[in-house]
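Heads up: the structure comes next, in structure tokens.
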Amino acid sequence: MASADLRAWTEAVRGADRQAVARALNLAEDRRPEARRELASLLELLGDAGGPRIGVTGPPGVGKSSLLSSLGHALRARDLSVGVVAVDPSSARTGGALLGDRARMTFDADDRGLFVRSLATAGEGGGLARAAADAVQILSAGFDRTFLETTGVGQSETAVEHAVDTVLLVVQPGGGDLLQFIKAGVMEIPDVFVVGKSDQGAVAERTFADLKSAIASLRAAGVAVGAPVLSVSAHDGTGVDALIDALDAHAARLAPTLSERRLRAAAARALGELLRLHGERGVAALGGGASLRQRFERELAGGLSVPAVVEATSAELTGG
Amino acid sequence: MAAREEEPGEVTRDRPWIMRTYAGHSTAAASNALYRQNLAKGQTGLSVAFDLPTQTGYDSDHPLARGEVGKVGVPVTHLGDMRALFEGLPLTEMNTSLTINATAPWLYALYVALAEERGDDVRKLRGTTQNDVIKEYLSRGTYIFPPAASLRLSTDLVTYAVKHTPRWNPMNVCSYHLQEAGATPPQELAYALMTAIALLDSVRDREEVGVEELSRVVGRLSFFVNAGIRFVDELCKLRAFVELWSRLCAERYGVTDEKLTRFRYGVQVNSLGLTEQQPENNMHRIVLEMLSVTLCRGARARAVQLPAWNEALGLPRPWDQQWSLRAQQILAYETDLLEHGDLFEGSHVVEARTREIADEAWAEVAEVLRRGGAVAAVESGYVKGRLVESAAARLRRIESGEQVVVGVNRFRDGEPSPLVTGLGESAVLEVDPAAAEAQIAALVAHRQGRDGAKLDAALTALRQAAETGANILPASIAAARAGATTGEWTDTLRAVFGEYRAPTGVGAVALSSGGAAGEGVQALRVRIARLAEALGRRPKLLVGKPGLDGHSNGAEQIAIKARDVGFDVVYEGIRVTPAQLASAALEEGVHLMGLSILSGSHLELVPDVLAELRAQGLADLPVVVGGIIPVADAERLRELGVARVYTPKDFELDPLMADLVALLEEVHGVS
């Protein structure tokens with residue numbers, strides 16, 4: 001693609017032009033080599049700035065989509081545009097996926113300020129679609145807030161950390177999930193905890209209290225958990241505004257170091273992708289994880305994109 | 001099981017059941033003419049079919065009503081329409097079934113307001129409001145508000161009606177559509193009881209309701225069931241219903257008076273099993289299905305309505321409905337059926353099967369209660385998931401030939417049917433498009449002729465009742481008198497309760513429900529993998545249901561099957577506007593759009609969707625359409641640019657999927 005066209009496309013994505021954004025997201029999902037190269041050019045022009053990126057995670061059925069729907073409405077009421085990447089599980093057997101989350105997201109077709117793309121995990125381990133991070137980067141260039149909704153807490157769910165600035169964990173009243181989170185080591189990641197379905201009364205209150213005391217005991221044991229705990233009902237809207245404020249507060253705390261943080265996260269993603277493509281041997285042959293990470297950070301800081309640095313290092317390895 | 005009205009040692013002839021035809025179309029005046037014809041033919045009750053805008057709380061001129069006005073029923077937007085609908089028909093002498101759910105309190109209010117206006121004694125009104133919103137979330141799709149608010153409105157109607165119109169059946173727990181959505185006999189039974197429990201618990205928990213009133217409500221609850229082609233099972237299901245209902249009334253509500261706990265039900269026999277192929281065979285199916293609800297005196301239907309033989313082809317004509325009515329009349333008046341007591345009393349075979357169905361159903365009721373009852377089981381998608389699974393299993397059995405459907409998967413060769421050949425479109429009813437325009441013009445004139453201040457006051461009072469938890473009926477009846485419209489009544493409540501989108505249930509269906517993949521599926525997976533390589537990503541299909549039609553079973557099965565063969569599938573549930581669909585197609589980056597439209601509004605909705613796609617820059621996106629689409633309409637859709645048109649005869653999902661894959665291969669030059 002001619003660079004003038006690419007620049008115009010980039011500008012349209014920054015302006016949240018829906019057709020341009022849709023095309024860019026199609027490209028992010030495209031696995032063909034020429035598409036990867038085109039994506040690299042687009043992402044490099046687009047840059048890694050852009051609005052706050054928030055990951056929404058939690059066990060299946062906890063009401064993440066409903067919460068996102070209320071968050072979306074509240075943000076739209078504040079005249080902020082909202083992009084959403086929803087990751088759904090694919091079947092390992094057929095590769096196909098049923099992307100059903102949109103049904104929970106009530107939306108207005110005439111509202112140009114809301115954009116939802118669902119991605120299937122397409123056999124990718126870790127519950128995070130390969131394209132999700134790139135999609136988040138694309139959306140956040142044009143939208144005021146970008147959310148990444150993931151399939152739930154799994155072992156590699158920690159990957160969500162490298163795609164967003166703020167991680168929000170949703171837990172269910174009385175779900176008995178708490179112990180699972182602590183065991184799974186998930187508790188250390190979230191920046192904000194939310195007890196969903198707070199309209200469920202006493203059960204929700206108890207979960208809220210349990211969560212607070214669990215975090216207190218983790219802190220006492222020396223684990224760094226800095227996250228606020230909020231109680232939200234997507235059903236009647238209680239607590240949604242407070243949640244937006246908490247997310248904004250976290251974004252404000254990150255602001256001074258945000259670009260550095262995104263750079264480190266991008267390097268981690270590149271390393272993860274390389275590992276996925278070539279395994280530990282490949283990484284070792286390229287000088288090992290630590291040095292690769294440093295190299296990636298340097299190259300990314302110089303303006304390259306994740307697909308570009310992955311492509312370049314892969315080429316070294318395969319002698320291409 | 002005690003037979004009705006039977007003296008010891010002597011059997012009196014049973015009274016015939018009420019014979020109805022579910023009817024209504026175009027306008028109130030046209031429907032009134034149809035009702036008069038039907039009554040003249042010996043029909044003994046009316047069953048009013050409302051159009052989808054009326055069912056979902058929109059006025060005829062609302063954008064979402066486009067293409068749907070007067071289509072599947074009659075539009076009733078205000079008291080004037082209700083007046084025209086019952087012009088010359090004596091309300092206190094008739095038994096009228098209003099098939100209405102989310103807006104049931106409103107249509108009941110209009111009916112009562114009309115009776116009052118005519119000077120009738122409302123205590124003499126006899127009839128039924130379906131008023132069962134639970135099943136709307138599960139299958140039929142004409143819900144509006146969230147489940148808890150819907151249950152409250154249903155309860156308002158029930159408690160008001162029992163007090164003021166004591167001969168009215170204020171709720172007809174309706175498991176009919178659950179079977180259409182795939183429910184097995186025990187599931188149909190279980191989920192009907194689950195719904196009745198939700199309502200009765202809600203009545204019982206009201207402060208102002210005492211034991212006596214609760215008993216009266218129990219006594220007025222009626223049911224509306226389905227009867228499928230496995231008619232022995234169906235017959236046993238109804239005997240199990242009788243038994244479990246009285247058990248439930250006694251155990252849970254302490255009501256033991258046999259008069260109050262008698263299982264009273266109406267029936268519409270199965271439409272799901274009616275075929276497009278050799279459609280004349282459907283009359284035999286209809287008659288056999290009717291037997292299951294009439295043979296047992298101890299579990300006999302109070303009211304029967306039969307579908308028409310050509311429902312899979314389009315909207316039935318008056319003659320088609322008459323043919324079905326005659327079948328009822330022959331059974332009731334020509335045969336000796338009604339002279340006998342219960343034919344199966346003492347039959348070990350029937351008793352054993354009844355026991356099995358009752359036990360399985362009772363266990364499922366317990367499971368739903370364990371999950372927090374009907375509302376929770378709807379919100380979590382549990383019940384919906386079970387139904388979608390059962391429907392998938394049924395389709396699989398038919399596709400594999402394990403379940404025989406004559407003329408479809410066995411005995412397919414035959415003579416051309418003189419009932420359809422050569423008749424073209426005239427084998428079904430055509431609704432005059434001018435009727436919708438007339439309806440809208442009359443509505444606009446009605447709005448202009450009202451007293452604005454009186455109307456505002458009435459709607460304010462309605463809103464207050466909704467907010468404070470006062471019974472919604474008095475304010476609704478006042479609003480009816482003040483000339484409020486269906487859309488205004490509903491909008492007032494929407495502002496208080498909000499709107500709801502129900503779980504689609506498809507996500508909950510495990511992949512394994514598709515069974516072991518056959519060779520056809522394996523081959524498709526390979527072709528889709530090849531397409532994915534060529535496209536750079538997996539082919540993505542958007543399954544959409546535009547318009548107000550909520551019959552989503554077909555769309556759900558397509559979505560699940562497409563996932564199973566390897567598509568990425570986006571399905572957003574029902575009642576999505578053409579603009580929303582086009583928006584979703586763009587945002588999701590889909591390769592193919594499949595539309596399902598069963599209300600007959602395809603000629604209005606499909607062009608709208610295509611126009612919206614062009615507006616989004618997606619003019620090239622291939623679009624396929626499925627529905628009850630007459631041959632000539634299919635041709636018109638193809639002329640408009642629709643790539644494929646599928647009708648009920650394309651029930652086999654493997655070939656349909658292969659056709660979709662071939663279409664994409666063709667579009668993207670993959671061989």
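Simple scheme: letters A, B, ... for chains in structure tokens order, numbers from 1 for residues in each chain, numbers from 1 for ligands in the order shown.
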
I need the contact residues of chain B against chain A, so if you could list those with any atom within 6 Å, counting only C-alpha atoms, and return them as a PyMOL selection string, that would help.
chain B and resi 536-537+563+566-573+579-580+587-588

Selection file, N, CA and C atoms, as a CSV table (one decimal), in the first residue's frame:
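Okay, out09.csv is ready:
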```csv
chain,number,residue,atom,x,y,z
B,536,GLY,N,-7.1,-15.4,5.4
B,536,GLY,CA,-6.2,-14.9,6.5
B,536,GLY,C,-6.8,-15.0,7.9
B,537,ARG,N,-8.0,-15.2,8.0
B,537,ARG,CA,-8.7,-15.5,9.2
B,537,ARG,C,-9.9,-16.4,9.0
B,563,ARG,N,-21.1,-22.9,13.9
B,563,ARG,CA,-19.9,-23.0,14.8
B,563,ARG,C,-19.3,-24.4,14.7
B,566,GLY,N,-17.1,-24.9,11.9
B,566,GLY,CA,-15.9,-24.2,12.0
B,566,GLY,C,-16.0,-22.7,11.7
B,567,PHE,N,-17.2,-22.2,11.5
B,567,PHE,CA,-17.3,-20.7,11.3
B,567,PHE,C,-17.1,-20.0,12.7
B,568,ASP,N,-16.6,-18.8,12.6
B,568,ASP,CA,-16.8,-17.9,13.8
B,568,ASP,C,-18.2,-17.3,13.6
B,569,VAL,N,-19.0,-17.4,14.6
B,569,VAL,CA,-20.4,-17.0,14.4
B,569,VAL,C,-20.7,-15.8,15.4
B,570,VAL,N,-21.3,-14.8,14.9
B,570,VAL,CA,-21.8,-13.7,15.7
B,570,VAL,C,-23.3,-13.8,15.7
B,571,TYR,N,-23.9,-14.0,16.9
B,571,TYR,CA,-25.4,-14.0,16.9
B,571,TYR,C,-25.8,-13.1,18.0
B,572,GLU,N,-26.7,-12.1,17.7
B,572,GLU,CA,-27.0,-11.1,18.7
B,572,GLU,C,-28.4,-11.3,19.3
B,573,GLY,N,-29.1,-12.4,19.0
B,573,GLY,CA,-30.4,-12.5,19.5
B,573,GLY,C,-31.5,-11.8,18.6
B,579,ALA,N,-30.4,-1.4,10.8
B,579,ALA,CA,-29.2,-0.6,11.1
B,579,ALA,C,-28.2,-1.2,12.1
B,580,GLN,N,-28.8,-1.8,13.1
B,580,GLN,CA,-27.9,-2.5,14.1
B,580,GLN,C,-27.2,-3.7,13.4
B,587,GLU,N,-18.6,-3.7,12.3
B,587,GLU,CA,-17.7,-3.8,13.5
B,587,GLU,C,-17.0,-5.1,13.7
B,588,GLU,N,-17.8,-6.2,13.3
B,588,GLU,CA,-17.3,-7.5,13.5
B,588,GLU,C,-16.5,-8.0,12.3
```

*Please identify which residues in range 579-642 of chain B DSSP calls alpha helix (DSSP H) from the backbone, and express them as a PyMOL selection string.*
chain B and resi 579-588+602-615+631-639

Neighbours of Gly287 in chain A within 12 Å (only C-alpha atoms; same-chain residues fewer than 5 positions away dropped), as JSON, numbers by chain?
{"A": [271, 280, 281, 282, 292, 293, 294, 295, 313, 316, 317]}

* Asked: Hey, what's within 10 Å of Phe145 in chain B if we count only C-alpha atoms and toss same-chain stuff fewer than 2 positions away? As a VMD selection string, please?
  -> chain B and resid 56 102 133 142 to 143 147 to 151 153 490 493 to 494 496 to 502

Limited to N, CA and C atoms, could you put the picked residues into a file as a compact mmCIF listing (two decimals), in the first residue's frame?
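That gives us part15.txt:
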```
# COMPACT_ATOMS: atom_id res chain seq x y z
N THR B 56 -45.22 -6.28 21.24
CA THR B 56 -43.97 -5.80 21.81
C THR B 56 -44.05 -4.33 22.21
N ALA B 102 -46.41 -9.60 27.10
CA ALA B 102 -45.76 -8.45 27.73
C ALA B 102 -46.71 -7.28 27.89
N VAL B 133 -44.98 -14.27 30.50
CA VAL B 133 -43.82 -13.67 29.86
C VAL B 133 -42.59 -14.57 29.96
N THR B 142 -41.42 -12.17 22.59
CA THR B 142 -42.08 -10.87 22.66
C THR B 142 -42.07 -10.30 24.08
N TYR B 143 -40.95 -10.43 24.75
CA TYR B 143 -40.82 -9.78 26.05
C TYR B 143 -40.38 -8.32 25.84
N PRO B 147 -37.09 -9.68 33.57
CA PRO B 147 -37.98 -10.72 34.11
C PRO B 147 -38.70 -10.33 35.41
N ALA B 148 -38.00 -9.69 36.32
CA ALA B 148 -38.64 -9.38 37.61
C ALA B 148 -39.80 -8.39 37.40
N ALA B 149 -39.59 -7.39 36.54
CA ALA B 149 -40.65 -6.41 36.27
C ALA B 149 -41.81 -7.08 35.54
N SER B 150 -41.49 -7.99 34.62
CA SER B 150 -42.55 -8.69 33.90
C SER B 150 -43.40 -9.52 34.86
N LEU B 151 -42.74 -10.18 35.79
CA LEU B 151 -43.46 -11.00 36.74
C LEU B 151 -44.37 -10.14 37.61
N LEU B 153 -45.78 -7.30 36.68
CA LEU B 153 -46.92 -6.88 35.87
C LEU B 153 -47.92 -8.02 35.71
N THR B 490 -46.57 1.45 26.89
CA THR B 490 -45.33 0.68 27.05
C THR B 490 -44.14 1.60 27.31
N LEU B 493 -43.85 2.61 30.85
CA LEU B 493 -43.28 1.56 31.71
C LEU B 493 -41.82 1.29 31.38
N ARG B 494 -41.46 1.44 30.09
CA ARG B 494 -40.05 1.26 29.73
C ARG B 494 -39.19 2.25 30.50
N VAL B 496 -39.59 3.31 33.37
CA VAL B 496 -39.45 2.90 34.78
C VAL B 496 -38.65 1.61 34.90
N PHE B 497 -39.00 0.63 34.08
CA PHE B 497 -38.41 -0.71 34.25
C PHE B 497 -37.18 -0.98 33.38
N GLY B 498 -37.02 -0.20 32.32
CA GLY B 498 -35.95 -0.49 31.37
C GLY B 498 -36.34 -1.61 30.44
N GLU B 499 -35.47 -1.87 29.46
CA GLU B 499 -35.73 -2.96 28.52
C GLU B 499 -34.74 -4.08 28.78
N TYR B 500 -35.05 -5.23 28.23
CA TYR B 500 -34.25 -6.41 28.54
C TYR B 500 -33.83 -7.13 27.27
N ARG B 501 -32.63 -7.65 27.29
CA ARG B 501 -32.22 -8.60 26.24
C ARG B 501 -31.94 -9.93 26.90
N ALA B 502 -32.61 -10.96 26.44
CA ALA B 502 -32.50 -12.27 27.08
C ALA B 502 -31.26 -13.00 26.58
```

Students should find that CA of Ile472 in chain B and CA of Leu459 in chain B are spaced 11.3 Å

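Using only C-alpha atoms, the protein and nucleic acid residues lying no more than 12 Å from Val667 in chain B, apart from those fewer than 6 places from it along its own chain, are B:Leu531, B:Ala534, B:Leu535, B:His591, B:Leu592, B:Asp620, B:Leu621, B:Pro622, B:Val623, B:Ala643, B:Leu660, B:Val661.
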
Dump as a JSON list (two decimals), in the first residue's frame, selection limited to C-alpha atoms:
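File written: part.json
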```json
[["chain", "number", "residue", "atom", "x", "y", "z"],
["B", 531, "LEU", "CA", -11.04, -20.79, 3.37],
["B", 534, "ALA", "CA", -7.12, -17.90, 1.92],
["B", 535, "LEU", "CA", -8.92, -15.20, 3.90],
["B", 591, "HIS", "CA", -17.69, -12.43, 5.61],
["B", 592, "LEU", "CA", -21.33, -13.45, 5.39],
["B", 620, "ASP", "CA", -20.45, -6.55, -1.45],
["B", 621, "LEU", "CA", -21.18, -8.53, 1.69],
["B", 622, "PRO", "CA", -23.02, -11.72, 0.67],
["B", 623, "VAL", "CA", -26.42, -12.02, 2.36],
["B", 643, "ALA", "CA", -27.29, -14.68, -2.59],
["B", 660, "LEU", "CA", -22.82, -21.46, 2.60],
["B", 661, "VAL", "CA", -19.23, -22.64, 2.32]]
```

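Contact shell of range 229-234 of chain A at 6 Å (only C-alpha atoms; same-chain neighbours under 6 positions omitted): Ser66, Leu67, Ser70, Phe193, Val194, Val195, Gly196, Lys197, Ser198, Asp199 and Val240 of chain A.
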
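On the backbone of this structure, DSSP gives strand (DSSP E) within range 392-596 of chain B to Lys540, Leu541, Leu542, Val543, Gly544, Asp568, Val569, Val570, Tyr571, Leu592, Met593, Gly594, Leu595 and Ser596 of chain B.
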
For the selection just defined, write its residues with C-alpha atoms to a file, as a PDB file, in the first residue's frame.
```pdb
ATOM      1  CA  LYS B 540     -17.073 -15.149  10.162  1.00  0.00           C
ATOM      2  CA  LEU B 541     -20.850 -15.382   9.888  1.00  0.00           C
ATOM      3  CA  LEU B 542     -23.358 -12.949  11.349  1.00  0.00           C
ATOM      4  CA  VAL B 543     -26.709 -14.587  12.096  1.00  0.00           C
ATOM      5  CA  GLY B 544     -29.373 -11.928  12.412  1.00  0.00           C
ATOM      6  CA  ASP B 568     -16.788 -17.932  13.776  1.00  0.00           C
ATOM      7  CA  VAL B 569     -20.387 -16.956  14.439  1.00  0.00           C
ATOM      8  CA  VAL B 570     -21.800 -13.708  15.737  1.00  0.00           C
ATOM      9  CA  TYR B 571     -25.385 -14.017  16.922  1.00  0.00           C
ATOM     10  CA  LEU B 592     -21.334 -13.451   5.388  1.00  0.00           C
ATOM     11  CA  MET B 593     -24.691 -12.414   6.796  1.00  0.00           C
ATOM     12  CA  GLY B 594     -27.585 -14.807   7.350  1.00  0.00           C
ATOM     13  CA  LEU B 595     -31.031 -13.389   8.121  1.00  0.00           C
ATOM     14  CA  SER B 596     -33.889 -15.360   9.646  1.00  0.00           C
TER      15      SER B 596
END
```

Computed gap from CA of Ile628 in chain B to CA of Thr275 in chain B is 11.2 Å

Just want the 10 Å neighbourhood of Glu437 in chain B, counted on only C-alpha atoms, with same-chain residues fewer than 5 positions away dropped. Output as a compact mmCIF listing (two decimals) with N, CA and C atoms, in the first residue's frame.
```txt
# COMPACT_ATOMS: atom_id res chain seq x y z
N SER B 26 -54.36 -7.66 9.44
CA SER B 26 -54.61 -6.39 8.74
C SER B 26 -55.06 -5.26 9.67
N SER B 60 -48.25 1.42 15.58
CA SER B 60 -48.12 0.95 14.18
C SER B 60 -47.15 1.80 13.36
N ASP B 61 -46.93 3.04 13.78
CA ASP B 61 -46.06 3.91 12.98
C ASP B 61 -44.64 4.00 13.56
N VAL B 69 -46.95 -4.51 10.64
CA VAL B 69 -48.31 -4.08 11.03
C VAL B 69 -49.36 -4.97 10.36
N ASP B 432 -52.96 -7.39 2.45
CA ASP B 432 -52.98 -6.19 1.61
C ASP B 432 -52.09 -5.12 2.22
N ALA B 442 -55.21 6.07 10.50
CA ALA B 442 -56.24 6.12 11.53
C ALA B 442 -55.62 6.42 12.90
N LEU B 443 -54.45 5.87 13.14
CA LEU B 443 -53.77 6.09 14.42
C LEU B 443 -53.36 7.56 14.56
```

Measuring atom to atom with only C-alpha atoms, identify which of A:Leu304, A:Ala246, A:Val167, A:Val283 is nearest to Leu46 in chain A.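 When distances to Leu46 in chain A are compared using only C-alpha atoms, the smallest one comes from A:Leu304.
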
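Note that CA of Phe143 in chain A and CA of Ala16 in chain A are 6.4 Å apart.
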